[in-house]
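Written out below as structure tokens is the structure these notes cover.
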Amino acid sequence: MDVGLEGFDPQSLSQDRVDRLCELLLASVPRSDQRRWGELYVRGLLLTEGRKTMQGIAAVVGSAAMQSLQQFISTSPWDWRPVRQCLAAYLDREIQPLAWIVESLAVPKAGRHSVGVERQFASGLGRVTNCQQSSGVWLVSEEASCPVDWQLALPASWTASPEQRRRAAIPDHIRAKTPVQCAVDSVVEMAEHWGLTPRPVVMAVAKADLPGVATAFGMRRIPFVLRIEGSLPVVVRDARSDGPRVLPASRLTDALRDQAGAVEWRDLGQSRQRVTKVVGARVGLPMSVDPLSHGTGAPSFFLTGAWTDPTNIRPTEFWLSNIGHLPASALFRIAKLTRRVSRDLHEICDNVGVRDFAGRSFRGWHHHTTLVSIAHAITVLSRADGRTRSPREQPLAVRPLIGSKR
């Protein structure tokens, strides 16, 4: 079943189902009153119309909760990491993901008060703008996807300034990172410590970032399918010459067009079947790109080229993988799971407020995105099971909470 939000009504969510998931996923939060505020915030994300600001959520809950919710999100010391790990383990069982997909998120902002905001180049937007950048790792199947870990990319201006650190309560061990560095750290942590089923990591990587990404994943035997630039140099063995040749990925795949096969795949962004010409070749990488090659250029990678633009006679997408046992068709289908994430980010994650945090607090940003992930998961799982709320089940509603302990 394709999980979309057309015609989705939050009132169709079962109160009991939301209660059960919140109880499970927030079990690591130490205090019962903190767990209640967490449940309330998740319900607010699901039920508040428009932007999920603190004022908007409080308006749904009741204005008396405004200060308590603000403190629970921005300053309460509960650890978001076990919550995310529990969510990932649950989704690993429930949706049986085919891949972990890295999705960068750039949120344009006015002013520079929100944590991490600076005028900077955002690859996702393709321009320099005043924005906040982050990286999310999503568990993805053909039927559903959900983010399970988030990292905020802090520019050097935020980590080098004691005043900025103090205002945003940035921990001493946090250093400046790019979105790509954040993504690598998330994937490595998940692969080594979360106990999840190993899955291929899919992400887009600029030429300058490829050496670091390929080395970090390769050393840890993390399988990957990386979208690369066509200009990336690759090494091929040519029987007609005395040694290896180095040429751009785009030129190699174009030269192999006669070997390309038609691959039928499900476009999860548009819910329709498509057919694309795809070709694959075993390649190596120059030492400048892959330090682990030690200059041999041995064919330890698989390059996939795809003619995704039917108006272009040359291939327009290029993917590099360290998975040796899968054909180009299978790698291409894994790569195109990114379409599922693009759709669910727009239709679900945006609707539960992933871009709406406006606070200064580093901790608050992580609390907010963690609870957004739970709200996203509740929505996805409620749609994926194919059930609507029965007349005997109580519809989702925000229950006013008594007390303001956090």
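FYI, nothing fancy with the structure tokens labels: chains A, B, ... in order, residues from 1 per chain, ligands from 1 as they appear.
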From a DSSP calculation on the backbone, collect every residue of segment 47-113 of chain A in strand (DSSP E) and output the set as a compact mmCIF listing (two decimals) with all heavy atoms, in the first residue's frame.
# COMPACT_ATOMS: atom_id res chain seq x y z
N ALA A 99 16.55 0.45 2.73
CA ALA A 99 17.71 1.33 2.69
C ALA A 99 17.62 2.37 3.80
O ALA A 99 16.54 2.61 4.35
CB ALA A 99 17.81 2.03 1.33
N TRP A 100 18.78 2.94 4.13
CA TRP A 100 18.83 4.15 4.95
C TRP A 100 19.15 5.28 3.99
O TRP A 100 20.16 5.24 3.28
CB TRP A 100 19.94 4.08 5.99
CG TRP A 100 19.82 2.96 6.98
CD1 TRP A 100 18.79 2.07 7.13
CD2 TRP A 100 20.80 2.61 7.97
NE1 TRP A 100 19.06 1.19 8.15
CE2 TRP A 100 20.28 1.50 8.69
CE3 TRP A 100 22.04 3.12 8.32
CZ2 TRP A 100 20.99 0.90 9.73
CZ3 TRP A 100 22.75 2.53 9.36
CH2 TRP A 100 22.23 1.44 10.06
N ILE A 101 18.31 6.27 3.96
CA ILE A 101 18.51 7.37 3.02
C ILE A 101 18.81 8.66 3.78
O ILE A 101 18.09 9.02 4.72
CB ILE A 101 17.29 7.53 2.10
CG1 ILE A 101 17.23 6.33 1.16
CG2 ILE A 101 17.35 8.85 1.32
CD1 ILE A 101 16.12 6.36 0.15
N VAL A 102 19.85 9.32 3.36
CA VAL A 102 20.25 10.60 3.95
C VAL A 102 19.58 11.72 3.18
O VAL A 102 19.69 11.79 1.95
CB VAL A 102 21.78 10.77 3.93
CG1 VAL A 102 22.17 12.18 4.35
CG2 VAL A 102 22.45 9.73 4.81
N GLU A 103 18.88 12.58 3.90
CA GLU A 103 18.21 13.72 3.28
C GLU A 103 18.64 15.00 4.01
O GLU A 103 18.44 15.13 5.22
CB GLU A 103 16.69 13.56 3.39
CG GLU A 103 15.90 14.68 2.74
CD GLU A 103 15.82 14.58 1.23
OE1 GLU A 103 16.33 13.60 0.65
OE2 GLU A 103 15.23 15.49 0.61
N SER A 104 19.28 15.89 3.28
CA SER A 104 19.66 17.17 3.87
C SER A 104 18.47 18.12 3.83
O SER A 104 17.64 18.06 2.92
CB SER A 104 20.84 17.77 3.11
OG SER A 104 21.99 16.95 3.24
N LEU A 105 18.41 18.99 4.82
CA LEU A 105 17.28 19.92 4.92
C LEU A 105 17.83 21.32 5.19
O LEU A 105 18.56 21.53 6.16
CB LEU A 105 16.36 19.49 6.06
CG LEU A 105 15.06 20.27 6.24
CD1 LEU A 105 14.14 20.07 5.04
CD2 LEU A 105 14.36 19.84 7.52
N ALA A 106 17.50 22.25 4.32
CA ALA A 106 17.87 23.65 4.51
C ALA A 106 16.60 24.45 4.72
O ALA A 106 15.69 24.40 3.90
CB ALA A 106 18.64 24.17 3.29
N VAL A 107 16.55 25.19 5.83
CA VAL A 107 15.36 25.96 6.18
C VAL A 107 15.72 27.44 6.15
O VAL A 107 16.44 27.92 7.04
CB VAL A 107 14.83 25.58 7.58
CG1 VAL A 107 13.57 26.36 7.89
CG2 VAL A 107 14.57 24.07 7.65
N PRO A 108 15.26 28.19 5.15
CA PRO A 108 15.53 29.63 5.13
C PRO A 108 14.95 30.31 6.37
O PRO A 108 13.85 29.97 6.81
CB PRO A 108 14.83 30.10 3.86
CG PRO A 108 14.73 28.89 3.00
CD PRO A 108 14.52 27.75 3.96
For this session: Please provide as a PyMOL selection string all residues within 12 Å of Pro77 of chain A, with the sequence filter that same-chain residues fewer than 2 positions apart are discarded (counting only C-alpha atoms).
Result: chain A and resi 29-31+34+71-75+79-81+169+361-364+366-367+406
Residue subset to file, keeping C-alpha atoms, as a short mmCIF file (atom, residue, chain, number, x, y, z; two decimals), in the first residue's frame:
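Wrote it out as selection_24.cif, contents follow:
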data_model
loop_
_atom_site.label_atom_id
_atom_site.label_comp_id
_atom_site.auth_asym_id
_atom_site.auth_seq_id
_atom_site.Cartn_x
_atom_site.Cartn_y
_atom_site.Cartn_z
CA VAL A 29 12.30 9.61 29.26
CA PRO A 30 12.89 9.27 33.00
CA ARG A 31 10.00 11.18 34.60
CA GLN A 34 8.11 14.64 31.15
CA GLN A 71 10.56 24.75 29.00
CA PHE A 72 10.01 21.07 28.25
CA ILE A 73 11.30 21.53 24.71
CA SER A 74 14.04 24.12 25.23
CA THR A 75 15.59 23.40 28.63
CA ASP A 79 18.04 12.66 26.40
CA TRP A 80 16.67 12.46 22.86
CA ARG A 81 19.11 9.76 21.67
CA ALA A 169 23.41 26.09 25.23
CA SER A 361 18.30 26.24 21.99
CA PHE A 362 20.48 23.46 20.53
CA ARG A 363 18.77 21.01 22.88
CA GLY A 364 15.37 22.39 21.92
CA HIS A 366 16.92 18.14 18.94
CA HIS A 367 13.88 17.68 21.20
CA ARG A 406 9.32 19.25 33.43
#
Exercise. Can you tell me, as a list in words, what residues are no more than 6 Å from Lys52 of chain A when counting only C-alpha atoms, ignoring any on the same chain fewer than 4 positions away?
Worked result: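 Counting only the stated atoms, we get Gly56, Gly353 and Asp356 of chain A.
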For this session: Write out as a list of chain:residue names each polymer residue whose atoms come within 12 Å of Ile313 of chain A, counting only C-alpha atoms; drop sequence neighbours fewer than 4 positions from it.
Result: A:Ser250, A:Thr253, A:Asp254, A:Ala255, A:Arg257, A:Lys277, A:Ala306, A:Trp307, A:Thr308, A:Asp309
For this session: Name the residues in contact with segment 82-84 of chain A at a cut-off of 12 Å, using only C-alpha atoms, excluding same-chain residues fewer than 2 positions from it; report them as an MDAnalysis selection string.
Result: chainID A and resid 21:30 35 38 78:80 86:91 136:139 146:151 186 189:190 193:194 366:374 377
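Proximity of A:Trp365, A:Leu69, A:Leu196, A:Ser114 to Gln85 of chain A, computed with only C-alpha atoms, is greatest for A:Leu196.
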For this session: Fewer than 2 positions away in the same chain doesn't count, so skip those; otherwise give me all residues within 12 Å of Met203 of chain A, counting only C-alpha atoms, as a PyMOL selection string.
Result: chain A and resi 99-104+135-138+179-180+183-184+187+200-201+205-206+209-210+213-214+223-228+318-321+334-339+341
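Across the model, the gap from atom CA of His376 of chain A to atom CA of Ala330 of chain A is 28.1 Å.
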Seminar exercise, completed: Correct to one decimal, the distance atom CA of Ser161 of chain A-atom CA of Arg175 of chain A is 11.4 Å
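Minimum atom-to-atom distance to Phe302 of chain A, evaluated using only C-alpha atoms, belongs to A:Asn322 out of A:Thr197, A:Thr316, A:Asn130, A:Asn322.
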Problem set entry | Nearest to Leu381 of chain A by atom-to-atom distance, counting only C-alpha atoms, from A:Arg93, A:Arg43, A:Arg166, A:Arg51 | A:Arg93
Problem set entry | Using only C-alpha atoms: which of A:Val117, A:Ala144, A:Ile170, A:Ala358 has the shortest distance to Gln55 of chain A | A:Ala358
For this session: Quote the spacing between atom CA of Pro97 of chain A and atom CA of Ala122 of chain A in Å to one decimal place.
Result: 28.3 Å
Exercise. Please, which residues of segment 35-86 of chain A, numbered as in this document, come out alpha helix (DSSP H) from DSSP, as a PyMOL selection string?
Worked result: chain A and resi 35-47+54-61+66-74+80-86
Exercise. So which residues touch Ala249 of chain A within 8 Å, counting only C-alpha atoms, skipping near sequence neighbours fewer than 4 positions away, as number ranges by chain?
Worked result: A: 229-234, 253, 303, 318
Any chance you could export the current selection's N, CA, C and O atoms as a compact mmCIF listing (two decimals), in the first residue's frame?
# COMPACT_ATOMS: atom_id res chain seq x y z
N GLU A 229 28.70 13.06 -9.13
CA GLU A 229 28.71 13.92 -10.30
C GLU A 229 29.28 13.15 -11.49
O GLU A 229 30.18 12.31 -11.33
N GLY A 230 28.75 13.45 -12.67
CA GLY A 230 29.23 12.77 -13.87
C GLY A 230 30.69 13.05 -14.18
O GLY A 230 31.35 12.28 -14.89
N SER A 231 31.22 14.14 -13.64
CA SER A 231 32.62 14.49 -13.89
C SER A 231 33.60 13.73 -13.01
O SER A 231 34.82 13.88 -13.17
N LEU A 232 33.10 12.90 -12.09
CA LEU A 232 34.00 12.17 -11.20
C LEU A 232 34.91 11.24 -12.01
O LEU A 232 34.44 10.44 -12.82
N PRO A 233 36.23 11.30 -11.80
CA PRO A 233 37.13 10.38 -12.53
C PRO A 233 37.04 8.97 -11.96
O PRO A 233 37.02 8.77 -10.75
N VAL A 234 36.95 7.99 -12.85
CA VAL A 234 36.95 6.59 -12.45
C VAL A 234 38.03 5.86 -13.24
O VAL A 234 38.45 6.30 -14.32
N THR A 253 29.94 5.67 -18.87
CA THR A 253 28.60 5.11 -19.00
C THR A 253 28.00 5.41 -20.38
O THR A 253 27.29 4.58 -20.95
N LEU A 303 29.77 1.19 -10.78
CA LEU A 303 29.22 2.45 -11.28
C LEU A 303 27.94 2.17 -12.06
O LEU A 303 27.92 1.30 -12.93
N PHE A 318 24.19 9.30 -11.96
CA PHE A 318 25.33 8.41 -11.78
C PHE A 318 25.41 8.02 -10.30
O PHE A 318 25.32 8.88 -9.42
